[in-house]
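What follows is upload-v6.cif (mmCIF, N, CA and C atoms).
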```cif
data_structure
loop_
_atom_site.label_atom_id
_atom_site.label_comp_id
_atom_site.auth_asym_id
_atom_site.auth_seq_id
_atom_site.Cartn_x
_atom_site.Cartn_y
_atom_site.Cartn_z
N MET G 175 115.82 118.14 99.40
CA MET G 175 114.72 117.19 99.48
C MET G 175 113.93 117.38 100.78
N ASP G 176 113.83 118.60 101.23
CA ASP G 176 113.12 118.93 102.46
C ASP G 176 111.61 118.86 102.22
N PRO G 177 110.87 118.15 103.09
CA PRO G 177 109.42 118.04 102.91
C PRO G 177 108.71 119.39 102.91
N ALA G 178 109.21 120.35 103.67
CA ALA G 178 108.58 121.67 103.70
C ALA G 178 108.69 122.35 102.34
N VAL G 179 109.82 122.17 101.68
CA VAL G 179 110.01 122.75 100.35
C VAL G 179 109.04 122.12 99.36
N TRP G 180 108.93 120.80 99.42
CA TRP G 180 108.00 120.10 98.52
C TRP G 180 106.55 120.54 98.77
N SER G 181 106.19 120.65 100.05
CA SER G 181 104.84 121.08 100.39
C SER G 181 104.55 122.47 99.83
N GLN G 182 105.49 123.38 100.01
CA GLN G 182 105.33 124.73 99.48
C GLN G 182 105.22 124.72 97.96
N PHE G 183 106.08 123.92 97.30
CA PHE G 183 106.04 123.82 95.84
C PHE G 183 104.68 123.31 95.36
N ILE G 184 104.16 122.29 96.03
CA ILE G 184 102.87 121.71 95.63
C ILE G 184 101.75 122.73 95.82
N ARG G 185 101.77 123.47 96.93
CA ARG G 185 100.74 124.49 97.17
C ARG G 185 100.78 125.59 96.11
N GLU G 186 101.99 125.97 95.71
CA GLU G 186 102.12 127.06 94.74
C GLU G 186 101.86 126.62 93.30
N ASN G 187 102.10 125.34 93.00
CA ASN G 187 102.02 124.88 91.62
C ASN G 187 101.04 123.73 91.44
N TRP G 188 99.99 123.68 92.23
CA TRP G 188 99.07 122.56 92.17
C TRP G 188 98.40 122.44 90.81
N LEU G 189 98.13 123.55 90.17
CA LEU G 189 97.47 123.52 88.87
C LEU G 189 98.37 122.89 87.81
N VAL G 190 99.64 123.24 87.80
CA VAL G 190 100.59 122.65 86.85
C VAL G 190 100.70 121.15 87.08
N ILE G 191 100.75 120.74 88.34
CA ILE G 191 100.87 119.31 88.68
C ILE G 191 99.62 118.56 88.23
N VAL G 192 98.44 119.12 88.45
CA VAL G 192 97.20 118.47 88.03
C VAL G 192 97.15 118.33 86.52
N ILE G 193 97.54 119.37 85.80
CA ILE G 193 97.54 119.31 84.33
C ILE G 193 98.53 118.24 83.86
N ALA G 194 99.70 118.19 84.47
CA ALA G 194 100.70 117.18 84.10
C ALA G 194 100.16 115.77 84.37
N LEU G 195 99.48 115.58 85.48
CA LEU G 195 98.92 114.25 85.78
C LEU G 195 97.83 113.87 84.78
N VAL G 196 96.98 114.81 84.41
CA VAL G 196 95.95 114.52 83.41
C VAL G 196 96.59 114.14 82.09
N ILE G 197 97.61 114.87 81.68
CA ILE G 197 98.32 114.54 80.43
C ILE G 197 98.97 113.17 80.54
N LEU G 198 99.57 112.88 81.69
CA LEU G 198 100.20 111.56 81.90
C LEU G 198 99.18 110.44 81.74
N PHE G 199 98.04 110.56 82.40
CA PHE G 199 97.03 109.51 82.30
C PHE G 199 96.49 109.39 80.87
N ALA G 200 96.33 110.50 80.19
CA ALA G 200 95.86 110.46 78.80
C ALA G 200 96.88 109.76 77.92
N VAL G 201 98.15 110.08 78.10
CA VAL G 201 99.20 109.44 77.30
C VAL G 201 99.25 107.95 77.58
N ILE G 202 99.20 107.58 78.85
CA ILE G 202 99.27 106.16 79.21
C ILE G 202 98.09 105.38 78.65
N ASN G 203 96.91 105.98 78.65
CA ASN G 203 95.71 105.28 78.17
C ASN G 203 95.56 105.29 76.65
N LEU G 204 96.06 106.31 75.99
CA LEU G 204 95.83 106.44 74.55
C LEU G 204 96.98 105.93 73.69
N VAL G 205 98.19 106.16 74.11
CA VAL G 205 99.35 105.78 73.30
C VAL G 205 99.78 104.37 73.70
N LYS G 206 99.98 103.50 72.74
CA LYS G 206 100.25 102.09 73.02
C LYS G 206 101.65 101.63 72.61
N THR G 207 102.56 102.52 72.44
CA THR G 207 103.89 102.14 71.96
C THR G 207 104.96 102.56 72.96
N MET G 208 106.20 102.31 72.59
CA MET G 208 107.32 102.75 73.42
C MET G 208 107.36 104.27 73.51
N LEU G 209 106.80 104.93 72.53
CA LEU G 209 106.73 106.39 72.55
C LEU G 209 106.01 106.87 73.80
N LYS G 210 105.04 106.07 74.26
CA LYS G 210 104.28 106.41 75.46
C LYS G 210 105.23 106.63 76.63
N TRP G 211 106.17 105.71 76.82
CA TRP G 211 107.07 105.80 77.98
C TRP G 211 108.06 106.94 77.81
N ALA G 212 108.43 107.23 76.58
CA ALA G 212 109.31 108.38 76.35
C ALA G 212 108.60 109.68 76.73
N ILE G 213 107.33 109.78 76.36
CA ILE G 213 106.55 110.98 76.70
C ILE G 213 106.38 111.08 78.21
N VAL G 214 106.10 109.96 78.88
CA VAL G 214 105.94 109.95 80.34
C VAL G 214 107.22 110.42 81.01
N ILE G 215 108.35 109.91 80.56
CA ILE G 215 109.64 110.30 81.15
C ILE G 215 109.90 111.80 80.94
N VAL G 216 109.57 112.31 79.77
CA VAL G 216 109.77 113.73 79.48
C VAL G 216 108.89 114.58 80.40
N ILE G 217 107.65 114.17 80.60
CA ILE G 217 106.73 114.93 81.47
C ILE G 217 107.22 114.92 82.91
N VAL G 218 107.61 113.75 83.41
CA VAL G 218 108.10 113.65 84.79
C VAL G 218 109.38 114.45 84.96
N ALA G 219 110.29 114.33 84.00
CA ALA G 219 111.54 115.11 84.07
C ALA G 219 111.25 116.60 84.03
N GLY G 220 110.28 116.99 83.20
CA GLY G 220 109.89 118.40 83.13
C GLY G 220 109.37 118.91 84.46
N LEU G 221 108.57 118.08 85.15
CA LEU G 221 108.07 118.48 86.46
C LEU G 221 109.21 118.64 87.46
N PHE G 222 110.16 117.71 87.43
CA PHE G 222 111.30 117.81 88.34
C PHE G 222 112.12 119.06 88.06
N ILE G 223 112.37 119.31 86.78
CA ILE G 223 113.16 120.48 86.42
C ILE G 223 112.41 121.76 86.80
N TYR G 224 111.11 121.78 86.56
CA TYR G 224 110.28 122.93 86.91
C TYR G 224 110.28 123.17 88.41
N SER G 225 110.37 122.08 89.20
CA SER G 225 110.33 122.22 90.66
C SER G 225 111.67 122.69 91.22
N GLY G 226 112.70 122.71 90.40
CA GLY G 226 114.00 123.16 90.87
C GLY G 226 114.91 122.03 91.28
N VAL G 227 114.44 120.80 91.16
CA VAL G 227 115.28 119.65 91.47
C VAL G 227 116.16 119.39 90.26
N THR G 228 117.46 119.36 90.49
CA THR G 228 118.37 119.16 89.37
C THR G 228 118.65 117.68 89.18
N MET G 229 119.12 117.31 88.01
CA MET G 229 119.47 115.92 87.74
C MET G 229 120.61 115.48 88.66
N GLU G 230 121.46 116.42 89.03
CA GLU G 230 122.55 116.09 89.96
C GLU G 230 122.00 115.69 91.33
N GLN G 231 120.97 116.40 91.79
CA GLN G 231 120.35 116.05 93.08
C GLN G 231 119.68 114.68 92.99
N ILE G 232 119.03 114.41 91.88
CA ILE G 232 118.39 113.10 91.70
C ILE G 232 119.46 112.02 91.67
N GLY G 233 120.55 112.27 90.95
CA GLY G 233 121.66 111.32 90.90
C GLY G 233 122.27 111.08 92.27
N ASP G 234 122.43 112.15 93.04
CA ASP G 234 122.96 112.02 94.40
C ASP G 234 122.05 111.16 95.27
N ALA G 235 120.75 111.38 95.16
CA ALA G 235 119.80 110.59 95.94
C ALA G 235 119.86 109.13 95.55
N VAL G 236 119.92 108.86 94.25
CA VAL G 236 120.01 107.48 93.77
C VAL G 236 121.31 106.83 94.26
N ASN G 237 122.42 107.58 94.19
CA ASN G 237 123.70 107.04 94.66
C ASN G 237 123.68 106.74 96.15
N LYS G 238 123.05 107.62 96.94
CA LYS G 238 122.96 107.39 98.38
C LYS G 238 122.19 106.11 98.67
N VAL G 239 121.08 105.92 97.97
CA VAL G 239 120.28 104.72 98.18
C VAL G 239 121.06 103.47 97.76
N ALA G 240 121.75 103.55 96.62
CA ALA G 240 122.53 102.40 96.14
C ALA G 240 123.67 102.08 97.11
N ASP G 241 124.38 103.11 97.59
CA ASP G 241 125.48 102.88 98.53
C ASP G 241 124.96 102.26 99.83
N SER G 242 123.83 102.76 100.29
CA SER G 242 123.25 102.21 101.52
C SER G 242 122.84 100.76 101.34
N THR G 243 122.27 100.45 100.20
CA THR G 243 121.84 99.07 99.92
C THR G 243 123.03 98.14 99.84
N VAL G 244 124.09 98.54 99.13
CA VAL G 244 125.28 97.71 99.01
C VAL G 244 125.94 97.53 100.37
N SER G 245 125.99 98.58 101.16
CA SER G 245 126.58 98.50 102.49
C SER G 245 125.80 97.51 103.37
N THR G 246 124.49 97.58 103.30
CA THR G 246 123.66 96.65 104.07
C THR G 246 123.88 95.22 103.60
N LEU G 247 123.92 95.02 102.29
CA LEU G 247 124.16 93.67 101.76
C LEU G 247 125.53 93.14 102.17
N LYS G 248 126.54 94.01 102.16
CA LYS G 248 127.89 93.58 102.55
C LYS G 248 127.93 93.15 104.01
N SER G 249 127.31 93.93 104.88
CA SER G 249 127.34 93.56 106.29
C SER G 249 126.54 92.29 106.53
N GLU G 250 125.43 92.14 105.83
CA GLU G 250 124.64 90.92 105.96
C GLU G 250 125.42 89.72 105.42
N ALA G 251 126.14 89.91 104.32
CA ALA G 251 126.95 88.82 103.75
C ALA G 251 128.05 88.40 104.71
N GLN G 252 128.65 89.36 105.39
CA GLN G 252 129.69 89.02 106.36
C GLN G 252 129.13 88.21 107.52
N GLU G 253 127.94 88.57 107.97
CA GLU G 253 127.30 87.80 109.04
C GLU G 253 127.01 86.38 108.57
N VAL G 254 126.55 86.24 107.33
CA VAL G 254 126.25 84.93 106.78
C VAL G 254 127.54 84.13 106.62
N MET G 255 128.63 84.79 106.24
CA MET G 255 129.91 84.10 106.13
C MET G 255 130.26 83.40 107.45
N LEU G 256 130.10 84.13 108.53
CA LEU G 256 130.45 83.57 109.84
C LEU G 256 129.49 82.45 110.24
N SER G 257 128.21 82.62 109.94
CA SER G 257 127.24 81.61 110.36
C SER G 257 127.25 80.36 109.48
N GLU G 258 127.62 80.50 108.21
CA GLU G 258 127.59 79.36 107.29
C GLU G 258 128.97 78.77 107.01
N ALA G 259 129.98 79.23 107.72
CA ALA G 259 131.34 78.74 107.48
C ALA G 259 131.45 77.23 107.69
N LYS G 260 130.72 76.67 108.63
CA LYS G 260 130.80 75.24 108.93
C LYS G 260 130.28 74.39 107.76
N GLU G 261 129.34 74.91 107.00
CA GLU G 261 128.78 74.13 105.90
C GLU G 261 129.31 74.57 104.53
N ALA G 262 130.38 75.35 104.53
CA ALA G 262 130.96 75.84 103.28
C ALA G 262 131.66 74.70 102.54
N LYS G 263 131.49 74.69 101.22
CA LYS G 263 132.13 73.68 100.37
C LYS G 263 133.26 74.35 99.60
N TYR G 264 134.48 73.89 99.81
CA TYR G 264 135.68 74.45 99.18
C TYR G 264 136.03 73.61 97.97
N THR G 265 136.12 74.25 96.82
CA THR G 265 136.52 73.58 95.59
C THR G 265 137.76 74.27 95.05
N SER G 266 138.81 73.49 94.85
CA SER G 266 140.07 74.06 94.37
C SER G 266 140.24 73.74 92.90
N GLY G 267 140.60 74.77 92.13
CA GLY G 267 140.96 74.56 90.73
C GLY G 267 142.44 74.19 90.67
N GLY G 268 142.88 73.57 89.64
CA GLY G 268 144.27 73.15 89.53
C GLY G 268 145.25 74.30 89.38
N ASP G 269 144.77 75.48 89.03
CA ASP G 269 145.65 76.62 88.76
C ASP G 269 145.74 77.61 89.93
N GLY G 270 145.34 77.19 91.13
CA GLY G 270 145.41 78.07 92.31
C GLY G 270 144.13 78.81 92.58
N THR G 271 143.15 78.66 91.71
CA THR G 271 141.87 79.31 91.96
C THR G 271 141.03 78.44 92.89
N PHE G 272 140.09 79.07 93.57
CA PHE G 272 139.20 78.32 94.45
C PHE G 272 137.81 78.94 94.42
N THR G 273 136.83 78.12 94.77
CA THR G 273 135.46 78.56 94.89
C THR G 273 134.91 77.98 96.19
N ILE G 274 134.29 78.82 96.98
CA ILE G 274 133.66 78.38 98.21
C ILE G 274 132.17 78.68 98.07
N THR G 275 131.34 77.67 98.29
CA THR G 275 129.90 77.86 98.18
C THR G 275 129.21 77.46 99.48
N THR G 276 128.19 78.21 99.81
CA THR G 276 127.29 77.90 100.91
C THR G 276 125.88 78.09 100.35
N PRO G 277 124.86 77.81 101.14
CA PRO G 277 123.50 78.04 100.61
C PRO G 277 123.24 79.47 100.14
N ASN G 278 123.92 80.46 100.73
CA ASN G 278 123.65 81.86 100.39
C ASN G 278 124.82 82.60 99.75
N LEU G 279 126.02 82.03 99.80
CA LEU G 279 127.21 82.73 99.34
C LEU G 279 128.00 81.94 98.32
N GLU G 280 128.72 82.68 97.50
CA GLU G 280 129.73 82.09 96.63
C GLU G 280 130.92 83.04 96.63
N VAL G 281 132.08 82.50 96.99
CA VAL G 281 133.30 83.30 97.04
C VAL G 281 134.30 82.66 96.09
N LYS G 282 134.82 83.46 95.16
CA LYS G 282 135.81 82.97 94.19
C LYS G 282 137.07 83.80 94.34
N GLY G 283 138.21 83.12 94.26
CA GLY G 283 139.46 83.85 94.37
C GLY G 283 140.63 83.03 93.87
N THR G 284 141.80 83.59 94.00
CA THR G 284 143.04 82.92 93.61
C THR G 284 143.97 82.97 94.82
N ALA G 285 144.60 81.85 95.11
CA ALA G 285 145.52 81.78 96.24
C ALA G 285 146.62 82.81 96.07
N GLY G 286 146.90 83.53 97.15
CA GLY G 286 147.95 84.53 97.12
C GLY G 286 147.49 85.93 96.77
N GLU G 287 146.30 86.07 96.24
CA GLU G 287 145.78 87.41 95.93
C GLU G 287 145.05 87.97 97.14
N ASP G 288 144.91 89.28 97.19
CA ASP G 288 144.28 89.92 98.35
C ASP G 288 142.82 90.32 98.08
N LYS G 289 142.25 89.84 96.98
CA LYS G 289 140.84 90.14 96.67
C LYS G 289 140.12 88.88 96.25
N VAL G 290 138.82 88.83 96.58
CA VAL G 290 137.95 87.73 96.17
C VAL G 290 136.66 88.30 95.63
N ASP G 291 136.02 87.55 94.71
CA ASP G 291 134.70 87.92 94.20
C ASP G 291 133.65 87.30 95.11
N VAL G 292 132.70 88.12 95.57
CA VAL G 292 131.66 87.64 96.48
C VAL G 292 130.30 87.80 95.82
N THR G 293 129.53 86.71 95.84
CA THR G 293 128.16 86.73 95.36
C THR G 293 127.27 86.32 96.53
N PHE G 294 126.29 87.14 96.84
CA PHE G 294 125.41 86.90 97.99
C PHE G 294 123.98 86.75 97.49
N ARG G 295 123.43 85.56 97.67
CA ARG G 295 122.06 85.25 97.23
C ARG G 295 121.85 85.61 95.77
N GLY G 296 122.85 85.30 94.95
CA GLY G 296 122.74 85.52 93.51
C GLY G 296 123.09 86.92 93.06
N VAL G 297 123.40 87.82 93.99
CA VAL G 297 123.74 89.20 93.64
C VAL G 297 125.23 89.41 93.84
N SER G 298 125.93 89.80 92.79
CA SER G 298 127.37 90.03 92.89
C SER G 298 127.63 91.29 93.71
N LEU G 299 128.48 91.13 94.72
CA LEU G 299 128.87 92.28 95.54
C LEU G 299 130.25 92.79 95.16
N GLY G 300 130.77 92.29 94.05
CA GLY G 300 132.05 92.78 93.54
C GLY G 300 133.24 92.13 94.22
N LYS G 301 134.39 92.75 94.01
CA LYS G 301 135.64 92.25 94.59
C LYS G 301 135.81 92.84 95.97
N TRP G 302 136.11 91.95 96.95
CA TRP G 302 136.35 92.37 98.32
C TRP G 302 137.80 92.14 98.66
N SER G 303 138.37 93.05 99.41
CA SER G 303 139.69 92.80 99.99
C SER G 303 139.52 91.74 101.06
N ILE G 304 140.52 90.91 101.21
CA ILE G 304 140.43 89.84 102.22
C ILE G 304 140.65 90.46 103.60
N THR G 305 139.62 90.41 104.41
CA THR G 305 139.66 90.92 105.78
C THR G 305 139.74 89.72 106.72
N ASP G 306 139.72 90.00 108.01
CA ASP G 306 139.74 88.91 108.99
C ASP G 306 138.54 87.99 108.81
N THR G 307 137.38 88.57 108.53
CA THR G 307 136.17 87.77 108.35
C THR G 307 136.30 86.84 107.16
N THR G 308 136.71 87.38 106.01
CA THR G 308 136.83 86.53 104.82
C THR G 308 137.96 85.52 104.97
N LYS G 309 139.04 85.92 105.63
CA LYS G 309 140.15 84.99 105.86
C LYS G 309 139.68 83.82 106.73
N THR G 310 138.95 84.11 107.80
CA THR G 310 138.42 83.06 108.67
C THR G 310 137.47 82.15 107.90
N PHE G 311 136.64 82.75 107.06
CA PHE G 311 135.69 81.98 106.25
C PHE G 311 136.43 81.02 105.32
N ILE G 312 137.46 81.53 104.63
CA ILE G 312 138.23 80.70 103.70
C ILE G 312 138.93 79.57 104.45
N GLU G 313 139.54 79.88 105.58
CA GLU G 313 140.25 78.86 106.36
C GLU G 313 139.29 77.79 106.88
N GLU G 314 138.13 78.21 107.34
CA GLU G 314 137.14 77.25 107.85
C GLU G 314 136.64 76.35 106.71
N ALA G 315 136.43 76.93 105.53
CA ALA G 315 135.98 76.13 104.37
C ALA G 315 137.06 75.13 103.97
N ARG G 316 138.33 75.52 104.01
CA ARG G 316 139.44 74.60 103.70
C ARG G 316 139.47 73.45 104.69
N LYS G 317 139.28 73.77 105.97
CA LYS G 317 139.30 72.73 107.00
C LYS G 317 138.19 71.71 106.80
N ASN G 318 137.04 72.22 106.33
CA ASN G 318 135.91 71.31 106.12
C ASN G 318 136.27 70.25 105.09
N GLY G 319 137.08 70.63 104.10
CA GLY G 319 137.54 69.72 103.08
C GLY G 319 136.43 69.11 102.24
N ASN G 320 135.28 69.76 102.21
CA ASN G 320 134.14 69.23 101.46
C ASN G 320 134.41 69.24 99.99
#
```

This structure in structure tokens:
Amino acid sequence: MDPAVWSQFIRENWLVIVIALVILFAVINLVKTMLKWAIVIVIVAGLFIYSGVTMEQIGDAVNKVADSTVSTLKSEAQEVMLSEAKEAKYTSGGDGTFTITTPNLEVKGTAGEDKVDVTFRGVSLGKWSITDTTKTFIEEARKNGN
């Protein structure tokens, strides 16, 4: 994904790219069905394949972005856990399950287990192992007794 490689590719294949763009605009303006989007995807995929970018490279790039986003959300959620622990509301189910809610977080788990489900601003961040941060958060919410 080196910019120099892309620049060289564009200089060498500008005519193919222009033709593909003209076809794309014609398809988008003339075809009014789901077929339109299938044709657009085929044209874009064809350009990527023609440029030498493999689906594996595209997948790797998408995975890197997704991992980075989840990592950022997790660290932000941990910071919010610490800052909102005082206002956390602890709700205990009769079967050992619990739910802790704050304005931005929801943590669900079962007493004695080492994992909890974390939802941050409506986005599920999956199951987290209980770390010092989550343990402190759970204990602080219990103390609040809300």

If you run DSSP over the backbone, which residues in chain G end up strand (DSSP E)? Put them as a PDB file with N, CA and C atoms, keeping the file's coordinate frame.
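Wrote result.pdb, looks like this:
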```
ATOM      1  N   LYS G 263     131.490  74.690 101.220  1.00  0.00           N
ATOM      2  CA  LYS G 263     132.130  73.680 100.370  1.00  0.00           C
ATOM      3  C   LYS G 263     133.260  74.350  99.600  1.00  0.00           C
ATOM      4  N   TYR G 264     134.480  73.890  99.810  1.00  0.00           N
ATOM      5  CA  TYR G 264     135.680  74.450  99.180  1.00  0.00           C
ATOM      6  C   TYR G 264     136.030  73.610  97.970  1.00  0.00           C
ATOM      7  N   THR G 265     136.120  74.250  96.820  1.00  0.00           N
ATOM      8  CA  THR G 265     136.520  73.580  95.590  1.00  0.00           C
ATOM      9  C   THR G 265     137.760  74.270  95.050  1.00  0.00           C
ATOM     10  N   SER G 266     138.810  73.490  94.850  1.00  0.00           N
ATOM     11  CA  SER G 266     140.070  74.060  94.370  1.00  0.00           C
ATOM     12  C   SER G 266     140.240  73.740  92.900  1.00  0.00           C
ATOM     13  N   THR G 271     143.150  78.660  91.710  1.00  0.00           N
ATOM     14  CA  THR G 271     141.870  79.310  91.960  1.00  0.00           C
ATOM     15  C   THR G 271     141.030  78.440  92.890  1.00  0.00           C
ATOM     16  N   PHE G 272     140.090  79.070  93.570  1.00  0.00           N
ATOM     17  CA  PHE G 272     139.200  78.320  94.450  1.00  0.00           C
ATOM     18  C   PHE G 272     137.810  78.940  94.420  1.00  0.00           C
ATOM     19  N   THR G 273     136.830  78.120  94.770  1.00  0.00           N
ATOM     20  CA  THR G 273     135.460  78.560  94.890  1.00  0.00           C
ATOM     21  C   THR G 273     134.910  77.980  96.190  1.00  0.00           C
ATOM     22  N   ILE G 274     134.290  78.820  96.980  1.00  0.00           N
ATOM     23  CA  ILE G 274     133.660  78.380  98.210  1.00  0.00           C
ATOM     24  C   ILE G 274     132.170  78.680  98.070  1.00  0.00           C
ATOM     25  N   THR G 275     131.340  77.670  98.290  1.00  0.00           N
ATOM     26  CA  THR G 275     129.900  77.860  98.180  1.00  0.00           C
ATOM     27  C   THR G 275     129.210  77.460  99.480  1.00  0.00           C
ATOM     28  N   LEU G 279     126.020  82.030  99.800  1.00  0.00           N
ATOM     29  CA  LEU G 279     127.210  82.730  99.340  1.00  0.00           C
ATOM     30  C   LEU G 279     128.000  81.940  98.320  1.00  0.00           C
ATOM     31  N   GLU G 280     128.720  82.680  97.500  1.00  0.00           N
ATOM     32  CA  GLU G 280     129.730  82.090  96.630  1.00  0.00           C
ATOM     33  C   GLU G 280     130.920  83.040  96.630  1.00  0.00           C
ATOM     34  N   VAL G 281     132.080  82.500  96.990  1.00  0.00           N
ATOM     35  CA  VAL G 281     133.300  83.300  97.040  1.00  0.00           C
ATOM     36  C   VAL G 281     134.300  82.660  96.090  1.00  0.00           C
ATOM     37  N   LYS G 282     134.820  83.460  95.160  1.00  0.00           N
ATOM     38  CA  LYS G 282     135.810  82.970  94.190  1.00  0.00           C
ATOM     39  C   LYS G 282     137.070  83.800  94.340  1.00  0.00           C
ATOM     40  N   GLY G 283     138.210  83.120  94.260  1.00  0.00           N
ATOM     41  CA  GLY G 283     139.460  83.850  94.370  1.00  0.00           C
ATOM     42  C   GLY G 283     140.630  83.030  93.870  1.00  0.00           C
ATOM     43  N   THR G 284     141.800  83.590  94.000  1.00  0.00           N
ATOM     44  CA  THR G 284     143.040  82.920  93.610  1.00  0.00           C
ATOM     45  C   THR G 284     143.970  82.970  94.820  1.00  0.00           C
ATOM     46  N   LYS G 289     142.250  89.840  96.980  1.00  0.00           N
ATOM     47  CA  LYS G 289     140.840  90.140  96.670  1.00  0.00           C
ATOM     48  C   LYS G 289     140.120  88.880  96.250  1.00  0.00           C
ATOM     49  N   VAL G 290     138.820  88.830  96.580  1.00  0.00           N
ATOM     50  CA  VAL G 290     137.950  87.730  96.170  1.00  0.00           C
ATOM     51  C   VAL G 290     136.660  88.300  95.630  1.00  0.00           C
ATOM     52  N   ASP G 291     136.020  87.550  94.710  1.00  0.00           N
ATOM     53  CA  ASP G 291     134.700  87.920  94.200  1.00  0.00           C
ATOM     54  C   ASP G 291     133.650  87.300  95.110  1.00  0.00           C
ATOM     55  N   VAL G 292     132.700  88.120  95.570  1.00  0.00           N
ATOM     56  CA  VAL G 292     131.660  87.640  96.480  1.00  0.00           C
ATOM     57  C   VAL G 292     130.300  87.800  95.820  1.00  0.00           C
ATOM     58  N   THR G 293     129.530  86.710  95.840  1.00  0.00           N
ATOM     59  CA  THR G 293     128.160  86.730  95.360  1.00  0.00           C
ATOM     60  C   THR G 293     127.270  86.320  96.530  1.00  0.00           C
ATOM     61  N   PHE G 294     126.290  87.140  96.840  1.00  0.00           N
ATOM     62  CA  PHE G 294     125.410  86.900  97.990  1.00  0.00           C
ATOM     63  C   PHE G 294     123.980  86.750  97.490  1.00  0.00           C
ATOM     64  N   VAL G 297     123.400  87.820  93.990  1.00  0.00           N
ATOM     65  CA  VAL G 297     123.740  89.200  93.640  1.00  0.00           C
ATOM     66  C   VAL G 297     125.230  89.410  93.840  1.00  0.00           C
ATOM     67  N   SER G 298     125.930  89.800  92.790  1.00  0.00           N
ATOM     68  CA  SER G 298     127.370  90.030  92.890  1.00  0.00           C
ATOM     69  C   SER G 298     127.630  91.290  93.710  1.00  0.00           C
ATOM     70  N   LEU G 299     128.480  91.130  94.720  1.00  0.00           N
ATOM     71  CA  LEU G 299     128.870  92.280  95.540  1.00  0.00           C
ATOM     72  C   LEU G 299     130.250  92.790  95.160  1.00  0.00           C
ATOM     73  N   GLY G 300     130.770  92.290  94.050  1.00  0.00           N
ATOM     74  CA  GLY G 300     132.050  92.780  93.540  1.00  0.00           C
ATOM     75  C   GLY G 300     133.240  92.130  94.220  1.00  0.00           C
ATOM     76  N   LYS G 301     134.390  92.750  94.010  1.00  0.00           N
ATOM     77  CA  LYS G 301     135.640  92.250  94.590  1.00  0.00           C
ATOM     78  C   LYS G 301     135.810  92.840  95.970  1.00  0.00           C
ATOM     79  N   TRP G 302     136.110  91.950  96.950  1.00  0.00           N
ATOM     80  CA  TRP G 302     136.350  92.370  98.320  1.00  0.00           C
ATOM     81  C   TRP G 302     137.800  92.140  98.660  1.00  0.00           C
ATOM     82  N   SER G 303     138.370  93.050  99.410  1.00  0.00           N
ATOM     83  CA  SER G 303     139.690  92.800  99.990  1.00  0.00           C
ATOM     84  C   SER G 303     139.520  91.740 101.060  1.00  0.00           C
TER      85      SER G 303
END
```

Point-to-point distance in Å for atom CA of G:Ser249 and atom CA of G:Ser303 |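 Computing the Euclidean distance for atom CA of G:Ser303 and atom CA of G:Ser249 yields 13.9 Å.
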
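Atom CA of G:Trp188 is positioned 23.6 Å from atom CA of G:Ala212.
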
Provide the atom C of G:Gly233 to atom CA of G:Ser245 distance in Å, to one decimal place.
->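 It comes out at 16.8 Å.
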
Given the file shown, enumerate the residues that the PyMOL selection byres ((chain G and resi 301) around 6) captures and present them as a list of chain:residue names.
->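 When the PyMOL selection byres ((chain G and resi 301) around 6) is applied, the selected residues are G:Lys289, G:Val290, G:Asp291, G:Val292, G:Leu299, G:Gly300, G:Trp302, G:Ser303.
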
So which residues touch G:Gly270 within 9 Å, counting only C-alpha atoms, skipping near sequence neighbours fewer than 2 positions away, as a ChimeraX atom specification?
-> /G:266-268,272,283-286

Which is closest to G:Thr308 among G:Thr276, G:Gln252, G:Asp241, G:Ser257, if we use all atoms listed in the file?
-> G:Gln252
